[in-house]
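Dropping data16.pdb in here (PDB, C-alpha atoms):
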```
ATOM      1  CA  MET A   1     -16.379   6.255  -9.974  1.00  0.00           C
ATOM      2  CA  PRO A   2     -15.932   2.515  -9.299  1.00  0.00           C
ATOM      3  CA  LEU A   3     -13.308   0.874 -11.462  1.00  0.00           C
ATOM      4  CA  THR A   4     -14.207  -1.728 -14.029  1.00  0.00           C
ATOM      5  CA  ARG A   5     -12.681  -5.172 -13.599  1.00  0.00           C
ATOM      6  CA  LYS A   6     -10.128  -4.347 -16.273  1.00  0.00           C
ATOM      7  CA  GLY A   7      -9.389  -0.985 -14.685  1.00  0.00           C
ATOM      8  CA  ALA A   8      -8.934  -2.540 -11.258  1.00  0.00           C
ATOM      9  CA  ALA A   9      -6.551  -5.121 -12.740  1.00  0.00           C
ATOM     10  CA  THR A  10      -4.521  -2.393 -14.458  1.00  0.00           C
ATOM     11  CA  ARG A  11      -4.311  -0.338 -11.274  1.00  0.00           C
ATOM     12  CA  GLN A  12      -3.242  -3.406  -9.280  1.00  0.00           C
ATOM     13  CA  ARG A  13      -0.582  -4.215 -11.880  1.00  0.00           C
ATOM     14  CA  ILE A  14       0.857  -0.720 -11.490  1.00  0.00           C
ATOM     15  CA  VAL A  15       0.898  -0.984  -7.691  1.00  0.00           C
ATOM     16  CA  GLU A  16       2.547  -4.407  -7.687  1.00  0.00           C
ATOM     17  CA  GLY A  17       5.062  -3.253 -10.272  1.00  0.00           C
ATOM     18  CA  ALA A  18       5.975  -0.221  -8.187  1.00  0.00           C
ATOM     19  CA  ALA A  19       6.427  -2.444  -5.112  1.00  0.00           C
ATOM     20  CA  GLU A  20       8.776  -4.688  -7.090  1.00  0.00           C
ATOM     21  CA  GLN A  21      10.765  -1.682  -8.288  1.00  0.00           C
ATOM     22  CA  ILE A  22      11.136  -0.431  -4.726  1.00  0.00           C
ATOM     23  CA  ARG A  23      12.542  -3.816  -3.697  1.00  0.00           C
ATOM     24  CA  VAL A  24      15.061  -3.743  -6.535  1.00  0.00           C
ATOM     25  CA  GLN A  25      16.241  -0.134  -6.564  1.00  0.00           C
ATOM     26  CA  GLY A  26      14.844   1.560  -3.464  1.00  0.00           C
ATOM     27  CA  VAL A  27      12.270   4.272  -3.153  1.00  0.00           C
ATOM     28  CA  PHE A  28      14.607   7.192  -3.794  1.00  0.00           C
ATOM     29  CA  ALA A  29      15.580   5.840  -7.209  1.00  0.00           C
ATOM     30  CA  LEU A  30      11.984   5.016  -8.115  1.00  0.00           C
ATOM     31  CA  ARG A  31      10.850   6.851 -11.228  1.00  0.00           C
ATOM     32  CA  LEU A  32       7.374   6.774 -12.696  1.00  0.00           C
ATOM     33  CA  GLU A  33       8.960   6.121 -16.092  1.00  0.00           C
ATOM     34  CA  ASP A  34      10.472   2.912 -14.725  1.00  0.00           C
ATOM     35  CA  VAL A  35       7.121   1.815 -13.281  1.00  0.00           C
ATOM     36  CA  MET A  36       5.440   2.463 -16.634  1.00  0.00           C
ATOM     37  CA  ALA A  37       8.057   0.438 -18.476  1.00  0.00           C
ATOM     38  CA  HIS A  38       7.961  -2.373 -15.901  1.00  0.00           C
ATOM     39  CA  THR A  39       4.168  -2.641 -15.985  1.00  0.00           C
ATOM     40  CA  ALA A  40       3.629  -1.885 -19.688  1.00  0.00           C
ATOM     41  CA  THR A  41       1.393   1.097 -18.961  1.00  0.00           C
ATOM     42  CA  SER A  42       1.295   4.533 -20.527  1.00  0.00           C
ATOM     43  CA  LYS A  43       1.701   7.867 -18.786  1.00  0.00           C
ATOM     44  CA  SER A  44      -1.975   8.628 -19.335  1.00  0.00           C
ATOM     45  CA  GLN A  45      -2.943   5.313 -17.734  1.00  0.00           C
ATOM     46  CA  LEU A  46      -0.728   5.850 -14.701  1.00  0.00           C
ATOM     47  CA  PHE A  47      -2.022   9.357 -14.046  1.00  0.00           C
ATOM     48  CA  HIS A  48      -5.581   8.216 -14.656  1.00  0.00           C
ATOM     49  CA  TYR A  49      -5.310   5.901 -11.644  1.00  0.00           C
ATOM     50  CA  PHE A  50      -2.881   8.080  -9.660  1.00  0.00           C
ATOM     51  CA  PRO A  51      -3.585  11.699 -10.603  1.00  0.00           C
ATOM     52  CA  ASP A  52      -1.404  13.032  -7.760  1.00  0.00           C
ATOM     53  CA  GLY A  53       1.586  11.132  -9.087  1.00  0.00           C
ATOM     54  CA  LYS A  54       4.318   9.447  -7.098  1.00  0.00           C
ATOM     55  CA  ASP A  55       3.026  10.142  -3.573  1.00  0.00           C
ATOM     56  CA  GLU A  56      -0.391   8.720  -4.386  1.00  0.00           C
ATOM     57  CA  LEU A  57       1.226   5.656  -5.934  1.00  0.00           C
ATOM     58  CA  LEU A  58       3.439   5.177  -2.864  1.00  0.00           C
ATOM     59  CA  LEU A  59       0.380   5.330  -0.630  1.00  0.00           C
ATOM     60  CA  ALA A  60      -1.283   2.648  -2.765  1.00  0.00           C
ATOM     61  CA  VAL A  61       1.891   0.539  -2.487  1.00  0.00           C
ATOM     62  CA  ALA A  62       1.793   0.952   1.299  1.00  0.00           C
ATOM     63  CA  ARG A  63      -1.844  -0.180   1.458  1.00  0.00           C
ATOM     64  CA  HIS A  64      -1.046  -3.147  -0.792  1.00  0.00           C
ATOM     65  CA  GLU A  65       1.931  -4.195   1.313  1.00  0.00           C
ATOM     66  CA  ALA A  66      -0.005  -3.737   4.564  1.00  0.00           C
ATOM     67  CA  ALA A  67      -2.639  -6.151   3.289  1.00  0.00           C
ATOM     68  CA  ARG A  68       0.102  -8.594   2.297  1.00  0.00           C
ATOM     69  CA  VAL A  69       1.511  -8.621   5.831  1.00  0.00           C
ATOM     70  CA  ILE A  70      -1.764 -10.147   7.039  1.00  0.00           C
ATOM     71  CA  ASP A  71      -2.394 -12.304   3.953  1.00  0.00           C
ATOM     72  CA  ASP A  72       1.080 -13.847   4.135  1.00  0.00           C
ATOM     73  CA  GLN A  73       0.325 -15.147   7.654  1.00  0.00           C
ATOM     74  CA  GLN A  74      -2.826 -16.968   6.590  1.00  0.00           C
ATOM     75  CA  PRO A  75      -4.345 -19.416   7.177  1.00  0.00           C
ATOM     76  CA  GLU A  76      -2.294 -19.803  10.375  1.00  0.00           C
ATOM     77  CA  LEU A  77      -3.064 -16.359  11.819  1.00  0.00           C
ATOM     78  CA  GLY A  78      -6.787 -16.940  11.504  1.00  0.00           C
ATOM     79  CA  SER A  79      -6.610 -20.401  13.079  1.00  0.00           C
ATOM     80  CA  LEU A  80      -4.769 -19.950  16.381  1.00  0.00           C
ATOM     81  CA  THR A  81      -6.834 -22.595  18.146  1.00  0.00           C
ATOM     82  CA  SER A  82      -4.100 -24.775  19.684  1.00  0.00           C
ATOM     83  CA  TRP A  83      -0.493 -24.510  20.815  1.00  0.00           C
ATOM     84  CA  ALA A  84       0.553 -26.435  17.706  1.00  0.00           C
ATOM     85  CA  ALA A  85      -1.272 -23.846  15.590  1.00  0.00           C
ATOM     86  CA  TRP A  86       0.553 -21.046  17.391  1.00  0.00           C
ATOM     87  CA  GLN A  87       3.877 -22.735  16.625  1.00  0.00           C
ATOM     88  CA  ARG A  88       2.968 -23.045  12.940  1.00  0.00           C
ATOM     89  CA  TRP A  89       2.047 -19.361  12.855  1.00  0.00           C
ATOM     90  CA  ARG A  90       5.316 -18.460  14.582  1.00  0.00           C
ATOM     91  CA  ASP A  91       7.308 -20.408  12.007  1.00  0.00           C
ATOM     92  CA  ARG A  92       5.394 -18.797   9.153  1.00  0.00           C
ATOM     93  CA  VAL A  93       6.066 -15.287  10.465  1.00  0.00           C
ATOM     94  CA  VAL A  94       9.778 -15.982  10.834  1.00  0.00           C
ATOM     95  CA  ALA A  95       9.973 -17.518   7.349  1.00  0.00           C
ATOM     96  CA  ARG A  96       8.164 -14.528   5.843  1.00  0.00           C
ATOM     97  CA  TYR A  97      10.459 -11.931   7.355  1.00  0.00           C
ATOM     98  CA  ARG A  98      13.578 -13.998   6.788  1.00  0.00           C
ATOM     99  CA  ALA A  99      12.687 -14.158   3.086  1.00  0.00           C
ATOM    100  CA  GLN A 100      11.927 -10.441   2.998  1.00  0.00           C
ATOM    101  CA  GLY A 101      15.121  -9.430   4.770  1.00  0.00           C
ATOM    102  CA  THR A 102      15.827  -5.713   4.805  1.00  0.00           C
ATOM    103  CA  ASP A 103      13.756  -5.010   1.676  1.00  0.00           C
ATOM    104  CA  CYS A 104      10.365  -3.876   2.956  1.00  0.00           C
ATOM    105  CA  PRO A 105       8.247  -1.827   0.499  1.00  0.00           C
ATOM    106  CA  LEU A 106       5.717  -1.063   3.242  1.00  0.00           C
ATOM    107  CA  HIS A 107       8.293   0.448   5.585  1.00  0.00           C
ATOM    108  CA  THR A 108      10.022   2.227   2.701  1.00  0.00           C
ATOM    109  CA  ALA A 109       6.842   3.708   1.275  1.00  0.00           C
ATOM    110  CA  LEU A 110       5.581   4.892   4.672  1.00  0.00           C
ATOM    111  CA  ALA A 111       8.968   6.409   5.517  1.00  0.00           C
ATOM    112  CA  GLN A 112       9.053   8.287   2.215  1.00  0.00           C
ATOM    113  CA  LEU A 113       5.524   9.617   2.690  1.00  0.00           C
ATOM    114  CA  GLY A 114       6.308  10.703   6.250  1.00  0.00           C
ATOM    115  CA  PRO A 115       5.205   8.962   9.465  1.00  0.00           C
ATOM    116  CA  ALA A 116       3.217  11.952  10.724  1.00  0.00           C
ATOM    117  CA  THR A 117       0.686  12.212   7.892  1.00  0.00           C
ATOM    118  CA  ASP A 118      -2.921  11.152   8.367  1.00  0.00           C
ATOM    119  CA  ALA A 119      -2.690   8.738   5.439  1.00  0.00           C
ATOM    120  CA  THR A 120       0.353   6.864   6.742  1.00  0.00           C
ATOM    121  CA  ARG A 121      -1.081   6.709  10.252  1.00  0.00           C
ATOM    122  CA  THR A 122      -4.273   5.244   8.796  1.00  0.00           C
ATOM    123  CA  VAL A 123      -2.393   2.566   6.840  1.00  0.00           C
ATOM    124  CA  ALA A 124      -0.110   1.610   9.727  1.00  0.00           C
ATOM    125  CA  GLY A 125      -2.891   1.796  12.303  1.00  0.00           C
ATOM    126  CA  GLY A 126      -5.225  -0.321  10.195  1.00  0.00           C
ATOM    127  CA  LEU A 127      -2.583  -2.994   9.750  1.00  0.00           C
ATOM    128  CA  LEU A 128      -1.754  -3.155  13.452  1.00  0.00           C
ATOM    129  CA  ASP A 129      -5.441  -3.189  14.432  1.00  0.00           C
ATOM    130  CA  ARG A 130      -6.218  -6.132  12.134  1.00  0.00           C
ATOM    131  CA  TRP A 131      -3.127  -8.021  13.292  1.00  0.00           C
ATOM    132  CA  GLN A 132      -3.874  -7.450  16.977  1.00  0.00           C
ATOM    133  CA  GLN A 133      -7.524  -8.447  16.583  1.00  0.00           C
ATOM    134  CA  GLN A 134      -6.581 -11.802  15.076  1.00  0.00           C
ATOM    135  CA  LEU A 135      -3.984 -12.469  17.766  1.00  0.00           C
ATOM    136  CA  ALA A 136      -6.513 -11.547  20.442  1.00  0.00           C
ATOM    137  CA  ALA A 137      -9.066 -13.892  18.869  1.00  0.00           C
ATOM    138  CA  GLY A 138      -6.558 -16.742  19.120  1.00  0.00           C
ATOM    139  CA  ILE A 139      -5.729 -15.939  22.735  1.00  0.00           C
ATOM    140  CA  ARG A 140      -9.423 -15.656  23.569  1.00  0.00           C
ATOM    141  CA  HIS A 141     -10.010 -19.097  22.051  1.00  0.00           C
ATOM    142  CA  LEU A 142      -7.260 -20.602  24.215  1.00  0.00           C
ATOM    143  CA  ARG A 143      -8.616 -18.876  27.306  1.00  0.00           C
ATOM    144  CA  ASP A 144     -12.171 -20.059  26.686  1.00  0.00           C
ATOM    145  CA  ALA A 145     -10.912 -23.597  26.040  1.00  0.00           C
ATOM    146  CA  GLY A 146      -9.035 -23.608  29.346  1.00  0.00           C
ATOM    147  CA  GLU A 147      -5.632 -23.648  27.614  1.00  0.00           C
ATOM    148  CA  THR A 148      -4.376 -20.486  29.288  1.00  0.00           C
ATOM    149  CA  ASP A 149      -5.033 -18.335  32.347  1.00  0.00           C
ATOM    150  CA  PRO A 150      -8.765 -17.487  32.516  1.00  0.00           C
ATOM    151  CA  ASP A 151      -7.938 -14.130  34.110  1.00  0.00           C
ATOM    152  CA  LEU A 152      -5.750 -12.753  31.330  1.00  0.00           C
ATOM    153  CA  ASP A 153      -6.845  -9.930  28.998  1.00  0.00           C
ATOM    154  CA  PRO A 154      -6.603 -11.179  25.376  1.00  0.00           C
ATOM    155  CA  ASP A 155      -6.431  -7.682  23.896  1.00  0.00           C
ATOM    156  CA  ARG A 156      -3.631  -6.586  26.210  1.00  0.00           C
ATOM    157  CA  GLU A 157      -1.686  -9.825  25.702  1.00  0.00           C
ATOM    158  CA  ALA A 158      -2.077  -9.472  21.922  1.00  0.00           C
ATOM    159  CA  ALA A 159      -0.878  -5.866  22.088  1.00  0.00           C
ATOM    160  CA  ALA A 160       2.230  -6.887  24.034  1.00  0.00           C
ATOM    161  CA  LEU A 161       3.025  -9.742  21.638  1.00  0.00           C
ATOM    162  CA  LEU A 162       2.541  -7.497  18.609  1.00  0.00           C
ATOM    163  CA  ALA A 163       4.763  -4.797  20.103  1.00  0.00           C
ATOM    164  CA  GLY A 164       7.526  -7.377  20.527  1.00  0.00           C
ATOM    165  CA  ILE A 165       7.107  -8.567  16.945  1.00  0.00           C
ATOM    166  CA  GLN A 166       7.277  -5.037  15.578  1.00  0.00           C
ATOM    167  CA  GLY A 167      10.422  -4.351  17.557  1.00  0.00           C
ATOM    168  CA  GLY A 168      11.967  -7.508  16.140  1.00  0.00           C
ATOM    169  CA  VAL A 169      10.994  -6.502  12.609  1.00  0.00           C
ATOM    170  CA  LEU A 170      12.564  -3.054  12.998  1.00  0.00           C
ATOM    171  CA  ILE A 171      15.821  -4.622  14.191  1.00  0.00           C
ATOM    172  CA  LEU A 172      15.662  -7.041  11.250  1.00  0.00           C
ATOM    173  CA  LEU A 173      15.335  -4.110   8.835  1.00  0.00           C
ATOM    174  CA  THR A 174      18.510  -2.646  10.329  1.00  0.00           C
ATOM    175  CA  THR A 175      20.636  -5.765  10.779  1.00  0.00           C
ATOM    176  CA  GLY A 176      19.127  -8.382   8.476  1.00  0.00           C
ATOM    177  CA  ALA A 177      18.980 -10.853  11.384  1.00  0.00           C
ATOM    178  CA  THR A 178      15.794 -12.513  12.664  1.00  0.00           C
ATOM    179  CA  THR A 179      17.231 -13.221  16.136  1.00  0.00           C
ATOM    180  CA  HIS A 180      15.209 -10.577  17.955  1.00  0.00           C
ATOM    181  CA  LEU A 181      12.023 -11.338  16.052  1.00  0.00           C
ATOM    182  CA  GLU A 182      12.303 -15.020  16.943  1.00  0.00           C
ATOM    183  CA  ALA A 183      12.970 -14.137  20.582  1.00  0.00           C
ATOM    184  CA  ALA A 184       9.901 -11.889  20.718  1.00  0.00           C
ATOM    185  CA  LEU A 185       7.695 -14.627  19.283  1.00  0.00           C
ATOM    186  CA  ASP A 186       9.123 -17.412  21.435  1.00  0.00           C
ATOM    187  CA  VAL A 187       9.001 -15.444  24.684  1.00  0.00           C
ATOM    188  CA  GLY A 188       5.532 -14.107  23.926  1.00  0.00           C
ATOM    189  CA  ILE A 189       4.082 -17.548  23.224  1.00  0.00           C
ATOM    190  CA  ALA A 190       5.952 -19.063  26.185  1.00  0.00           C
ATOM    191  CA  ARG A 191       4.416 -16.393  28.403  1.00  0.00           C
ATOM    192  CA  LEU A 192       0.927 -17.438  27.296  1.00  0.00           C
ATOM    193  CA  ARG A 193       1.745 -21.103  27.910  1.00  0.00           C
ATOM    194  CA  GLY A 194       3.349 -20.221  31.228  1.00  0.00           C
ATOM    195  CA  ARG A 195       0.153 -18.537  32.282  1.00  0.00           C
ATOM    196  CA  THR A 196      -1.544 -21.899  31.719  1.00  0.00           C
ATOM    197  CA  ALA A 197       0.823 -23.688  34.095  1.00  0.00           C
ATOM    198  CA  ALA A 198       0.552 -20.909  36.657  1.00  0.00           C
ATOM    199  CA  ALA A 199      -3.236 -20.993  36.519  1.00  0.00           C
ATOM    200  CA  VAL A 200      -3.304 -24.755  37.020  1.00  0.00           C
ATOM    201  CA  GLU A 201      -0.816 -24.556  39.881  1.00  0.00           C
ATOM    202  CA  ASN A 202      -2.684 -21.731  41.574  1.00  0.00           C
ATOM    203  CA  GLY A 203      -5.977 -23.515  41.116  1.00  0.00           C
ATOM    204  CA  THR A 204      -4.578 -26.692  42.647  1.00  0.00           C
ATOM    205  CA  GLY A 205      -3.120 -24.739  45.524  1.00  0.00           C
ATOM    206  CA  ARG A 206      -6.395 -23.010  46.230  1.00  0.00           C
ATOM    207  CA  ALA A 207      -8.254 -26.317  46.156  1.00  0.00           C
ATOM    208  CA  ALA A 208      -5.768 -27.875  48.572  1.00  0.00           C
ATOM    209  CA  ARG A 209      -5.948 -24.926  50.947  1.00  0.00           C
ATOM    210  CA  THR A 210      -9.745 -25.049  50.849  1.00  0.00           C
ATOM    211  CA  ALA A 211      -9.720 -28.788  51.648  1.00  0.00           C
ATOM    212  CA  VAL A 212      -7.410 -28.227  54.629  1.00  0.00           C
ATOM    213  CA  ALA A 213      -9.567 -25.388  55.932  1.00  0.00           C
ATOM    214  CA  GLU A 214     -12.629 -27.544  55.720  1.00  0.00           C
TER     215      GLU A 214
END
```

What does this structure look like when you write it as structure tokens?
Amino acid sequence: MPLTRKGAATRQRIVEGAAEQIRVQGVFALRLEDVMAHTATSKSQLFHYFPDGKDELLLAVARHEAARVIDDQQPELGSLTSWAAWQRWRDRVVARYRAQGTDCPLHTALAQLGPATDATRTVAGGLLDRWQQQLAAGIRHLRDAGETDPDLDPDREAAALLAGIQGGVLILLTTGATTHLEAALDVGIARLRGRTAAAVENGTGRAARTAVAE
């Protein structure tokens, strides 16, 4: 049955409280009793919203954190319409992950649930699909505006950029350093801008060769 507004607010409070507890004490030390105390909810309330207990709550935390990954990049991610906008988005991504550091409830919750389950694949896949679609939309805008190579494939370029970002995030979770994440963003964006210069140069060269032939 659909939740009432009050019920939805209570469920969200439990999820956010669990995410905060994971940041503080880690997933292995997470106890439902601590979540109840932290969120001022009773055992009956918690199991009303999460009848399967801790695993169901962790999955809800993962979905919540996956949505936050996208939300925390807005409005920049949804407005990649100029090179200045891409730089602002880049800076926002770096600031977000620098602030987060090695404490990532999404990664922790998914790891605890197991990467091979259908539920975790759905959460991770949904996040990456939404992220890639918005990057591709920005690249497509630049291409259509003549700001980058008209022959590039926005979806493929977005996939490559996102793969670099994810690699940088994984290294950050291990080392606490944003160096690799920043490199992935800077090189990825520079590649798109470089394709602009190459397209202009190639276009000029073709025009010159055509004029000589004529």

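The nearest approach to Arg96 in chain A among the residues A:Ala8, A:Ala163, A:Val24, A:Leu172, with only C-alpha atoms taken into account, belongs to A:Leu172.
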
Q. Where does the PyMOL selection byres ((chain A and resi 136-150) around 7) land in this file, that is, which residues does it pick, as a ChimeraX atom specification?
A. /A:80-82,132-135,151-152,154-155,158,192-193,195-196,199

Q: Could you jot down the CA of Val27 in chain A to CA of Gly125 in chain A separation for me, Å, one decimal place?
A: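 Computing the Euclidean distance for CA of Val27 in chain A and CA of Gly125 in chain A yields 21.8 Å.
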
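Distances here use all atoms listed in the file; by that measure, the residue among A:Leu113, A:Ala37, A:Ala190, A:Ala177 closest to Val94 in chain A is A:Ala177.
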
Within 8 Å of range 59-72 of chain A, which residues of range 111-147 of chain A come that close, and what is the closest atom pair and distance in Å for each? Count all atoms listed in the file and give it as JSON lines.
```
{"residue": "A:Leu113", "atom": "CA", "partner": "A:Leu59", "partner_atom": "CA", "distance": 7.5}
{"residue": "A:Ala119", "atom": "CA", "partner": "A:Leu59", "partner_atom": "CA", "distance": 7.6}
{"residue": "A:Thr120", "atom": "CA", "partner": "A:Leu59", "partner_atom": "CA", "distance": 7.5}
{"residue": "A:Val123", "atom": "CA", "partner": "A:Arg63", "partner_atom": "CA", "distance": 6.1}
{"residue": "A:Ala124", "atom": "CA", "partner": "A:Ala66", "partner_atom": "CA", "distance": 7.4}
{"residue": "A:Leu127", "atom": "CA", "partner": "A:Ala66", "partner_atom": "CA", "distance": 5.8}
{"residue": "A:Arg130", "atom": "CA", "partner": "A:Ile70", "partner_atom": "CA", "distance": 7.9}
{"residue": "A:Trp131", "atom": "CA", "partner": "A:Ile70", "partner_atom": "CA", "distance": 6.7}
```

(Q) Between A:Gly164, A:Phe47, A:Asp129, A:Ala18, which residue has the minimum interatomic distance to Asp34 in chain A, considering only C-alpha atoms? (A)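 Ranking A:Gly164, A:Phe47, A:Asp129, A:Ala18 by distance to Asp34 in chain A, first place goes to A:Ala18.
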
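Counting from CA of Ala184 in chain A, the distance to CA of Gln166 in chain A is 9.0 Å.
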
Q. Which distance in Å separates CA of Trp86 in chain A and CA of Thr175 in chain A, to one decimal?
A.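 Taking CA of Trp86 in chain A as the start and CA of Thr175 in chain A as the end point, the length is 26.1 Å.
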
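When only C-alpha atoms are used to measure the gap to His48 in chain A, the shortest distance among A:Thr117, A:Gln100, A:Thr10, A:Thr122 belongs to A:Thr10.
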
Q: To verify the selection step, state as a ChimeraX atom specification which residues the PyMOL selection byres ((chain A and resi 38) around 12) yields on this input.
A: /A:13-22,24,30-37,39-42

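Of the residues under consideration (A:Pro2, A:Arg98, A:Asp153, A:Arg90), A:Arg90 shows the shortest atom-to-atom contact distance to Ala183 in chain A when counting only C-alpha atoms.
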
What box, with edges along x, y and z, holds each listed atom of range 139-148 of chain A when 4 Å is added on every side, and can you state its centre and edge lengths in Å to one decimal, as AutoDock Vina command-line options?
```
--center_x -8.3 --center_y -19.7 --center_z 25.7 --size_x 15.8 --size_y 16.0 --size_z 15.3
```

Q: Give me the result of the PyMOL selection byres ((chain A and resi 169) around 8) on this file, residue by residue, as a list of chain:residue names.
A: A:Tyr97, A:Ile165, A:Gln166, A:Gly167, A:Gly168, A:Leu170, A:Ile171, A:Leu172, A:Leu173, A:Thr178, A:His180, A:Leu181

As a compact mmCIF listing (two decimals), in the coordinates of the input, the rebuilt range 6-14 of chain A with all heavy atoms:
```
# COMPACT_ATOMS: atom_id res chain seq x y z
N LYS A 6 -11.38 -4.56 -15.54
CA LYS A 6 -10.13 -4.35 -16.27
C LYS A 6 -9.34 -3.19 -15.67
O LYS A 6 -8.11 -3.26 -15.53
CB LYS A 6 -10.44 -4.05 -17.74
CG LYS A 6 -9.20 -3.88 -18.61
CD LYS A 6 -9.57 -3.65 -20.07
CE LYS A 6 -8.32 -3.46 -20.92
NZ LYS A 6 -8.66 -3.22 -22.35
N GLY A 7 -10.06 -2.13 -15.29
CA GLY A 7 -9.39 -0.98 -14.68
C GLY A 7 -8.75 -1.34 -13.36
O GLY A 7 -7.63 -0.92 -13.05
N ALA A 8 -9.47 -2.12 -12.55
CA ALA A 8 -8.93 -2.54 -11.26
C ALA A 8 -7.69 -3.40 -11.45
O ALA A 8 -6.72 -3.29 -10.68
CB ALA A 8 -10.00 -3.30 -10.48
N ALA A 9 -7.71 -4.26 -12.47
CA ALA A 9 -6.55 -5.12 -12.74
C ALA A 9 -5.35 -4.29 -13.18
O ALA A 9 -4.21 -4.56 -12.79
CB ALA A 9 -6.91 -6.15 -13.80
N THR A 10 -5.61 -3.27 -14.01
CA THR A 10 -4.52 -2.39 -14.46
C THR A 10 -3.92 -1.63 -13.29
O THR A 10 -2.70 -1.52 -13.14
CB THR A 10 -5.04 -1.40 -15.51
OG1 THR A 10 -5.55 -2.13 -16.63
CG2 THR A 10 -3.92 -0.48 -15.98
N ARG A 11 -4.79 -1.08 -12.44
CA ARG A 11 -4.31 -0.34 -11.27
C ARG A 11 -3.49 -1.25 -10.36
O ARG A 11 -2.42 -0.85 -9.87
CB ARG A 11 -5.49 0.24 -10.50
CG ARG A 11 -5.08 1.14 -9.34
CD ARG A 11 -6.31 1.65 -8.58
NE ARG A 11 -5.95 2.64 -7.58
CZ ARG A 11 -5.46 2.37 -6.39
NH1 ARG A 11 -5.25 1.10 -6.03
NH2 ARG A 11 -5.16 3.34 -5.54
N GLN A 12 -3.97 -2.47 -10.13
CA GLN A 12 -3.24 -3.41 -9.28
C GLN A 12 -1.90 -3.77 -9.88
O GLN A 12 -0.90 -3.91 -9.15
CB GLN A 12 -4.08 -4.67 -9.06
CG GLN A 12 -3.48 -5.68 -8.10
CD GLN A 12 -3.39 -5.16 -6.67
OE1 GLN A 12 -4.02 -4.16 -6.32
NE2 GLN A 12 -2.61 -5.83 -5.84
N ARG A 13 -1.85 -3.90 -11.21
CA ARG A 13 -0.58 -4.22 -11.88
C ARG A 13 0.43 -3.09 -11.67
O ARG A 13 1.62 -3.34 -11.45
CB ARG A 13 -0.83 -4.43 -13.37
CG ARG A 13 0.42 -4.93 -14.10
CD ARG A 13 0.14 -5.29 -15.54
NE ARG A 13 0.00 -4.11 -16.38
CZ ARG A 13 -1.13 -3.72 -16.97
NH1 ARG A 13 -2.24 -4.42 -16.78
NH2 ARG A 13 -1.17 -2.65 -17.73
N ILE A 14 -0.03 -1.87 -11.71
CA ILE A 14 0.86 -0.72 -11.49
C ILE A 14 1.38 -0.73 -10.06
O ILE A 14 2.57 -0.52 -9.81
CB ILE A 14 0.12 0.59 -11.79
CG1 ILE A 14 -0.23 0.67 -13.28
CG2 ILE A 14 0.98 1.79 -11.40
CD1 ILE A 14 -1.15 1.83 -13.64
```
